[in-house]
$ cat structure_29.pdb   # PDB, N, CA and C atoms and all ligand atoms
ATOM      1  N   MET A   3      -3.873 -26.161   4.680
ATOM      2  CA  MET A   3      -2.568 -25.497   4.575
ATOM      3  C   MET A   3      -2.754 -23.982   4.738
ATOM      4  N   THR A   4      -1.828 -23.371   5.455
ATOM      5  CA  THR A   4      -1.920 -21.938   5.696
ATOM      6  C   THR A   4      -0.602 -21.278   5.314
ATOM      7  N   GLU A   5      -0.712 -20.171   4.611
ATOM      8  CA  GLU A   5       0.472 -19.361   4.344
ATOM      9  C   GLU A   5       0.281 -18.006   4.980
ATOM     10  N   THR A   6       1.381 -17.281   5.116
ATOM     11  CA  THR A   6       1.337 -15.981   5.765
ATOM     12  C   THR A   6       1.896 -14.916   4.831
ATOM     13  N   ALA A   7       1.151 -13.842   4.679
ATOM     14  CA  ALA A   7       1.606 -12.708   3.873
ATOM     15  C   ALA A   7       1.879 -11.529   4.792
ATOM     16  N   HIS A   8       2.934 -10.793   4.479
ATOM     17  CA  HIS A   8       3.284  -9.604   5.255
ATOM     18  C   HIS A   8       3.210  -8.385   4.329
ATOM     19  N   MET A   9       2.587  -7.341   4.826
ATOM     20  CA  MET A   9       2.515  -6.094   4.053
ATOM     21  C   MET A   9       2.814  -4.926   4.985
ATOM     22  N   THR A  10       3.345  -3.869   4.392
ATOM     23  CA  THR A  10       3.441  -2.602   5.098
ATOM     24  C   THR A  10       2.405  -1.675   4.466
ATOM     25  N   VAL A  11       1.473  -1.214   5.283
ATOM     26  CA  VAL A  11       0.363  -0.404   4.782
ATOM     27  C   VAL A  11       0.526   1.035   5.255
ATOM     28  N   GLU A  12       0.407   1.943   4.292
ATOM     29  CA  GLU A  12       0.520   3.366   4.601
ATOM     30  C   GLU A  12      -0.863   3.998   4.681
ATOM     31  N   GLY A  13      -1.002   4.967   5.567
ATOM     32  CA  GLY A  13      -2.230   5.746   5.622
ATOM     33  C   GLY A  13      -3.114   5.459   6.821
ATOM     34  N   MET A  14      -2.759   4.454   7.625
ATOM     35  CA  MET A  14      -3.564   4.190   8.821
ATOM     36  C   MET A  14      -3.072   5.110   9.947
ATOM     37  N   SER A  15      -4.006   5.840  10.547
ATOM     38  CA  SER A  15      -3.587   6.806  11.558
ATOM     39  C   SER A  15      -4.188   6.557  12.928
ATOM     40  N   CYS A  16      -5.145   5.659  13.027
ATOM     41  CA  CYS A  16      -5.747   5.409  14.328
ATOM     42  C   CYS A  16      -6.343   4.005  14.358
ATOM     43  N   ASN A  17      -6.875   3.607  15.503
ATOM     44  CA  ASN A  17      -7.447   2.272  15.638
ATOM     45  C   ASN A  17      -8.684   2.094  14.764
ATOM     46  N   GLY A  18      -9.343   3.211  14.423
ATOM     47  CA  GLY A  18     -10.484   3.114  13.512
ATOM     48  C   GLY A  18     -10.034   2.639  12.146
ATOM     49  N   CYS A  19      -8.892   3.188  11.687
ATOM     50  CA  CYS A  19      -8.346   2.795  10.385
ATOM     51  C   CYS A  19      -7.943   1.328  10.397
ATOM     52  N   SER A  20      -7.200   0.925  11.418
ATOM     53  CA  SER A  20      -6.720  -0.454  11.425
ATOM     54  C   SER A  20      -7.885  -1.428  11.602
ATOM     55  N   GLY A  21      -8.895  -1.033  12.367
ATOM     56  CA  GLY A  21     -10.066  -1.892  12.540
ATOM     57  C   GLY A  21     -10.828  -2.074  11.247
ATOM     58  N   LYS A  22     -10.918  -0.987  10.489
ATOM     59  CA  LYS A  22     -11.610  -1.042   9.197
ATOM     60  C   LYS A  22     -10.882  -1.993   8.244
ATOM     61  N   LEU A  23      -9.557  -1.878   8.194
ATOM     62  CA  LEU A  23      -8.786  -2.749   7.311
ATOM     63  C   LEU A  23      -8.848  -4.191   7.801
ATOM     64  N   GLN A  24      -8.789  -4.367   9.112
ATOM     65  CA  GLN A  24      -8.862  -5.717   9.676
ATOM     66  C   GLN A  24     -10.162  -6.400   9.263
ATOM     67  N   ARG A  25     -11.264  -5.679   9.403
ATOM     68  CA  ARG A  25     -12.567  -6.270   9.047
ATOM     69  C   ARG A  25     -12.637  -6.581   7.555
ATOM     70  N   ALA A  26     -12.077  -5.684   6.724
ATOM     71  CA  ALA A  26     -12.118  -5.889   5.269
ATOM     72  C   ALA A  26     -11.311  -7.122   4.876
ATOM     73  N   LEU A  27     -10.146  -7.289   5.506
ATOM     74  CA  LEU A  27      -9.312  -8.449   5.164
ATOM     75  C   LEU A  27      -9.931  -9.736   5.694
ATOM     76  N   GLU A  28     -10.501  -9.668   6.894
ATOM     77  CA  GLU A  28     -11.120 -10.870   7.476
ATOM     78  C   GLU A  28     -12.331 -11.322   6.668
ATOM     79  N   ALA A  29     -12.934 -10.387   5.927
ATOM     80  CA  ALA A  29     -14.116 -10.724   5.137
ATOM     81  C   ALA A  29     -13.757 -11.457   3.849
ATOM     82  N   VAL A  30     -12.469 -11.475   3.496
ATOM     83  CA  VAL A  30     -12.046 -12.131   2.258
ATOM     84  C   VAL A  30     -12.097 -13.644   2.445
ATOM     85  N   ASN A  31     -12.723 -14.318   1.502
ATOM     86  CA  ASN A  31     -12.814 -15.774   1.544
ATOM     87  C   ASN A  31     -11.410 -16.372   1.538
ATOM     88  N   GLY A  32     -11.116 -17.256   2.471
ATOM     89  CA  GLY A  32      -9.812 -17.905   2.535
ATOM     90  C   GLY A  32      -8.882 -17.287   3.563
ATOM     91  N   VAL A  33      -9.225 -16.094   4.050
ATOM     92  CA  VAL A  33      -8.394 -15.459   5.080
ATOM     93  C   VAL A  33      -8.749 -16.053   6.434
ATOM     94  N   GLU A  34      -7.721 -16.475   7.156
ATOM     95  CA  GLU A  34      -7.947 -17.143   8.438
ATOM     96  C   GLU A  34      -7.646 -16.251   9.624
ATOM     97  N   ASP A  35      -6.660 -15.368   9.471
ATOM     98  CA  ASP A  35      -6.306 -14.514  10.602
ATOM     99  C   ASP A  35      -5.635 -13.256  10.085
ATOM    100  N   VAL A  36      -5.907 -12.138  10.745
ATOM    101  CA  VAL A  36      -5.309 -10.855  10.365
ATOM    102  C   VAL A  36      -4.748 -10.206  11.610
ATOM    103  N   ASN A  37      -3.503  -9.767  11.524
ATOM    104  CA  ASN A  37      -2.900  -9.036  12.637
ATOM    105  C   ASN A  37      -2.361  -7.720  12.112
ATOM    106  N   ILE A  38      -2.735  -6.623  12.755
ATOM    107  CA  ILE A  38      -2.283  -5.307  12.309
ATOM    108  C   ILE A  38      -1.615  -4.593  13.468
ATOM    109  N   VAL A  39      -0.404  -4.118  13.214
ATOM    110  CA  VAL A  39       0.283  -3.251  14.172
ATOM    111  C   VAL A  39       0.232  -1.850  13.592
ATOM    112  N   LEU A  40      -0.550  -0.999  14.230
ATOM    113  CA  LEU A  40      -0.777   0.347  13.702
ATOM    114  C   LEU A  40       0.539   1.107  13.555
ATOM    115  N   ASP A  41       1.388   1.019  14.558
ATOM    116  CA  ASP A  41       2.673   1.710  14.522
ATOM    117  C   ASP A  41       3.568   1.031  13.489
ATOM    118  N   GLY A  42       3.806   1.691  12.379
ATOM    119  CA  GLY A  42       4.610   1.102  11.312
ATOM    120  C   GLY A  42       3.778   0.464  10.212
ATOM    121  N   GLY A  43       2.478   0.275  10.472
ATOM    122  CA  GLY A  43       1.598  -0.249   9.440
ATOM    123  C   GLY A  43       1.869  -1.691   9.048
ATOM    124  N   LYS A  44       2.330  -2.486  10.008
ATOM    125  CA  LYS A  44       2.655  -3.882   9.689
ATOM    126  C   LYS A  44       1.396  -4.743   9.716
ATOM    127  N   VAL A  45       1.121  -5.368   8.594
ATOM    128  CA  VAL A  45      -0.073  -6.200   8.462
ATOM    129  C   VAL A  45       0.353  -7.633   8.127
ATOM    130  N   THR A  46      -0.136  -8.566   8.903
ATOM    131  CA  THR A  46       0.150  -9.984   8.674
ATOM    132  C   THR A  46      -1.175 -10.700   8.428
ATOM    133  N   VAL A  47      -1.227 -11.437   7.333
ATOM    134  CA  VAL A  47      -2.447 -12.141   6.971
ATOM    135  C   VAL A  47      -2.148 -13.627   6.823
ATOM    136  N   SER A  48      -2.858 -14.453   7.586
ATOM    137  CA  SER A  48      -2.772 -15.901   7.412
ATOM    138  C   SER A  48      -3.926 -16.320   6.521
ATOM    139  N   TYR A  49      -3.608 -17.121   5.497
ATOM    140  CA  TYR A  49      -4.643 -17.438   4.511
ATOM    141  C   TYR A  49      -4.402 -18.813   3.912
ATOM    142  N   ASP A  50      -5.445 -19.315   3.278
ATOM    143  CA  ASP A  50      -5.376 -20.604   2.588
ATOM    144  C   ASP A  50      -5.088 -20.330   1.117
ATOM    145  N   PRO A  51      -3.882 -20.667   0.633
ATOM    146  CA  PRO A  51      -3.518 -20.340  -0.755
ATOM    147  C   PRO A  51      -4.329 -21.113  -1.791
ATOM    148  N   ALA A  52      -5.054 -22.146  -1.360
ATOM    149  CA  ALA A  52      -5.928 -22.864  -2.292
ATOM    150  C   ALA A  52      -7.193 -22.071  -2.575
ATOM    151  N   VAL A  53      -7.476 -21.077  -1.716
ATOM    152  CA  VAL A  53      -8.722 -20.312  -1.834
ATOM    153  C   VAL A  53      -8.470 -18.896  -2.335
ATOM    154  N   VAL A  54      -7.411 -18.287  -1.850
ATOM    155  CA  VAL A  54      -7.167 -16.881  -2.196
ATOM    156  C   VAL A  54      -5.668 -16.680  -2.403
ATOM    157  N   SER A  55      -5.320 -15.767  -3.298
ATOM    158  CA  SER A  55      -3.912 -15.451  -3.541
ATOM    159  C   SER A  55      -3.545 -14.182  -2.779
ATOM    160  N   ALA A  56      -2.299 -14.106  -2.336
ATOM    161  CA  ALA A  56      -1.853 -12.943  -1.567
ATOM    162  C   ALA A  56      -1.980 -11.667  -2.380
ATOM    163  N   ALA A  57      -1.937 -11.781  -3.709
ATOM    164  CA  ALA A  57      -2.048 -10.597  -4.559
ATOM    165  C   ALA A  57      -3.386  -9.890  -4.354
ATOM    166  N   ALA A  58      -4.397 -10.625  -3.929
ATOM    167  CA  ALA A  58      -5.721 -10.033  -3.732
ATOM    168  C   ALA A  58      -5.733  -9.037  -2.582
ATOM    169  N   PHE A  59      -4.815  -9.181  -1.640
ATOM    170  CA  PHE A  59      -4.850  -8.339  -0.443
ATOM    171  C   PHE A  59      -4.523  -6.883  -0.764
ATOM    172  N   THR A  60      -3.674  -6.681  -1.782
ATOM    173  CA  THR A  60      -3.343  -5.309  -2.177
ATOM    174  C   THR A  60      -4.604  -4.556  -2.593
ATOM    175  N   GLY A  61      -5.454  -5.230  -3.357
ATOM    176  CA  GLY A  61      -6.691  -4.604  -3.802
ATOM    177  C   GLY A  61      -7.615  -4.280  -2.642
ATOM    178  N   VAL A  62      -7.638  -5.169  -1.657
ATOM    179  CA  VAL A  62      -8.491  -4.925  -0.476
ATOM    180  C   VAL A  62      -7.987  -3.703   0.275
ATOM    181  N   VAL A  63      -6.671  -3.613   0.426
ATOM    182  CA  VAL A  63      -6.081  -2.462   1.128
ATOM    183  C   VAL A  63      -6.451  -1.173   0.398
ATOM    184  N   GLU A  64      -6.316  -1.191  -0.931
ATOM    185  CA  GLU A  64      -6.600   0.019  -1.709
ATOM    186  C   GLU A  64      -8.086   0.350  -1.680
ATOM    187  N   ASP A  65      -8.930  -0.659  -1.763
ATOM    188  CA  ASP A  65     -10.378  -0.420  -1.722
ATOM    189  C   ASP A  65     -10.800   0.151  -0.371
ATOM    190  N   THR A  66     -10.010  -0.129   0.670
ATOM    191  CA  THR A  66     -10.344   0.361   2.001
ATOM    192  C   THR A  66      -9.802   1.776   2.212
ATOM    193  N   GLY A  67      -9.001   2.266   1.256
ATOM    194  CA  GLY A  67      -8.539   3.656   1.313
ATOM    195  C   GLY A  67      -7.094   3.824   1.730
ATOM    196  N   PHE A  68      -6.343   2.726   1.744
ATOM    197  CA  PHE A  68      -4.939   2.811   2.161
ATOM    198  C   PHE A  68      -4.047   2.349   1.024
ATOM    199  N   ASP A  69      -2.741   2.395   1.247
ATOM    200  CA  ASP A  69      -1.783   1.987   0.223
ATOM    201  C   ASP A  69      -0.819   0.962   0.786
ATOM    202  N   VAL A  70      -0.406   0.033  -0.078
ATOM    203  CA  VAL A  70       0.638  -0.906   0.292
ATOM    204  C   VAL A  70       1.979  -0.302  -0.119
ATOM    205  N   ALA A  71       2.890  -0.192   0.822
ATOM    206  CA  ALA A  71       4.223   0.318   0.509
ATOM    207  C   ALA A  71       4.951  -0.697  -0.362
ATOM    208  N   SER A  72       5.615  -0.197  -1.383
ATOM    209  CA  SER A  72       6.303  -1.132  -2.280
ATOM    210  C   SER A  72       7.736  -1.352  -1.803
TER     211      SER A  72
HETATM  212 CU    CU B   1      -8.073   6.349  11.542
END
$ encode --input "structure_29.pdb" --output "structure tokens"
Amino acid sequence: MTETAHMTVEGMSCNGCSGKLQRALEAVNGVEDVNIVLDGGKVTVSYDPAVVSAAAFTGVVEDTGFDVAS
């Protein structure tokens, strides 16, 4: 089973930033796919809810140096 989480992430200014966040999210156990649109900071994460909760992604974003818009 796969669920999809959507986040708006602030602080990404170039492809280096989005690539860094993409790699960090893809490294999370249970994450199956990550799509980031730099313009607007739209982040979509496909994940297995039996393995990881969407709440964990906020921490990954912050640990990578960015913020999730509330
Ligand atoms: Cu950058």
$ residues_around --input "structure_29.pdb" --residues "A:Lys22" --least-positions-apart "5" --cutoff "7 Å" --atoms "only N, CA and C atoms" --output "number ranges by chain"
A: 17, 27, 66
$ residues_near_ligand --input "structure_29.pdb" --ligand "ligand CU 1 (chain B)" --cutoff "12 Å" --atoms "only C-alpha atoms and all ligand atoms" --output "number ranges by chain"
A: 12-23, 40, 43, 66-68
$ resolve_selection --input "structure_29.pdb" --expression "the PyMOL selection byres (((chain A and resi 4 and name CA) around 7) and not hetatm and name CA)" --output "JSON list (two decimals) with N, CA and C atoms, keeping the file's coordinate frame"
[["chain", "number", "residue", "atom", "x", "y", "z"],
["A", 3, "MET", "N", -3.87, -26.16, 4.68],
["A", 3, "MET", "CA", -2.57, -25.50, 4.58],
["A", 3, "MET", "C", -2.75, -23.98, 4.74],
["A", 5, "GLU", "N", -0.71, -20.17, 4.61],
["A", 5, "GLU", "CA", 0.47, -19.36, 4.34],
["A", 5, "GLU", "C", 0.28, -18.01, 4.98],
["A", 6, "THR", "N", 1.38, -17.28, 5.12],
["A", 6, "THR", "CA", 1.34, -15.98, 5.76],
["A", 6, "THR", "C", 1.90, -14.92, 4.83],
["A", 48, "SER", "N", -2.86, -14.45, 7.59],
["A", 48, "SER", "CA", -2.77, -15.90, 7.41],
["A", 48, "SER", "C", -3.93, -16.32, 6.52],
["A", 49, "TYR", "N", -3.61, -17.12, 5.50],
["A", 49, "TYR", "CA", -4.64, -17.44, 4.51],
["A", 49, "TYR", "C", -4.40, -18.81, 3.91],
["A", 50, "ASP", "N", -5.44, -19.32, 3.28],
["A", 50, "ASP", "CA", -5.38, -20.60, 2.59],
["A", 50, "ASP", "C", -5.09, -20.33, 1.12],
["A", 51, "PRO", "N", -3.88, -20.67, 0.63],
["A", 51, "PRO", "CA", -3.52, -20.34, -0.76],
["A", 51, "PRO", "C", -4.33, -21.11, -1.79]]
$ residues_around --input "structure_29.pdb" --residues "A:Met9" --least-positions-apart "6" --cutoff "7 Å" --atoms "only C-alpha atoms" --output "list of chain:residue names"
A:Lys44, A:Val45, A:Thr46, A:Val70
$ atom_distance --input "structure_29.pdb" --atom1 "atom CA of A:Val53" --atom2 "atom N of A:Asp41"
28.7 Å
$ select_by_dssp --input "structure_29.pdb" --residues "chain A" --states "strand (DSSP E or B)" --output "PyMOL selection string"
chain A and resi 5-12+33-39+44-49+69-70
$ atom_distance --input "structure_29.pdb" --atom1 "atom CA of A:Thr10" --atom2 "atom CA of A:Gly32"
20.4 Å
$ atom_distance --input "structure_29.pdb" --atom1 "atom CA of A:Asp65" --atom2 "atom CA of A:Val33"
16.6 Å
$ select_by_dssp --input "structure_29.pdb" --residues "chain A" --states "alpha helix (DSSP H)" --output "NGL selection string"
:A and (17-28 or 57-65)
$ closest_residue --input "structure_29.pdb" --among "A:Arg25, A:Val36, A:Gly42, A:Ala7" --to "A:Thr60" --atoms "only C-alpha atoms"
A:Ala7
$ closest_residue --input "structure_29.pdb" --among "A:His8, A:Ala57, A:Ser72, A:Val62" --to "A:Ile38" --atoms "only C-alpha atoms"
A:His8
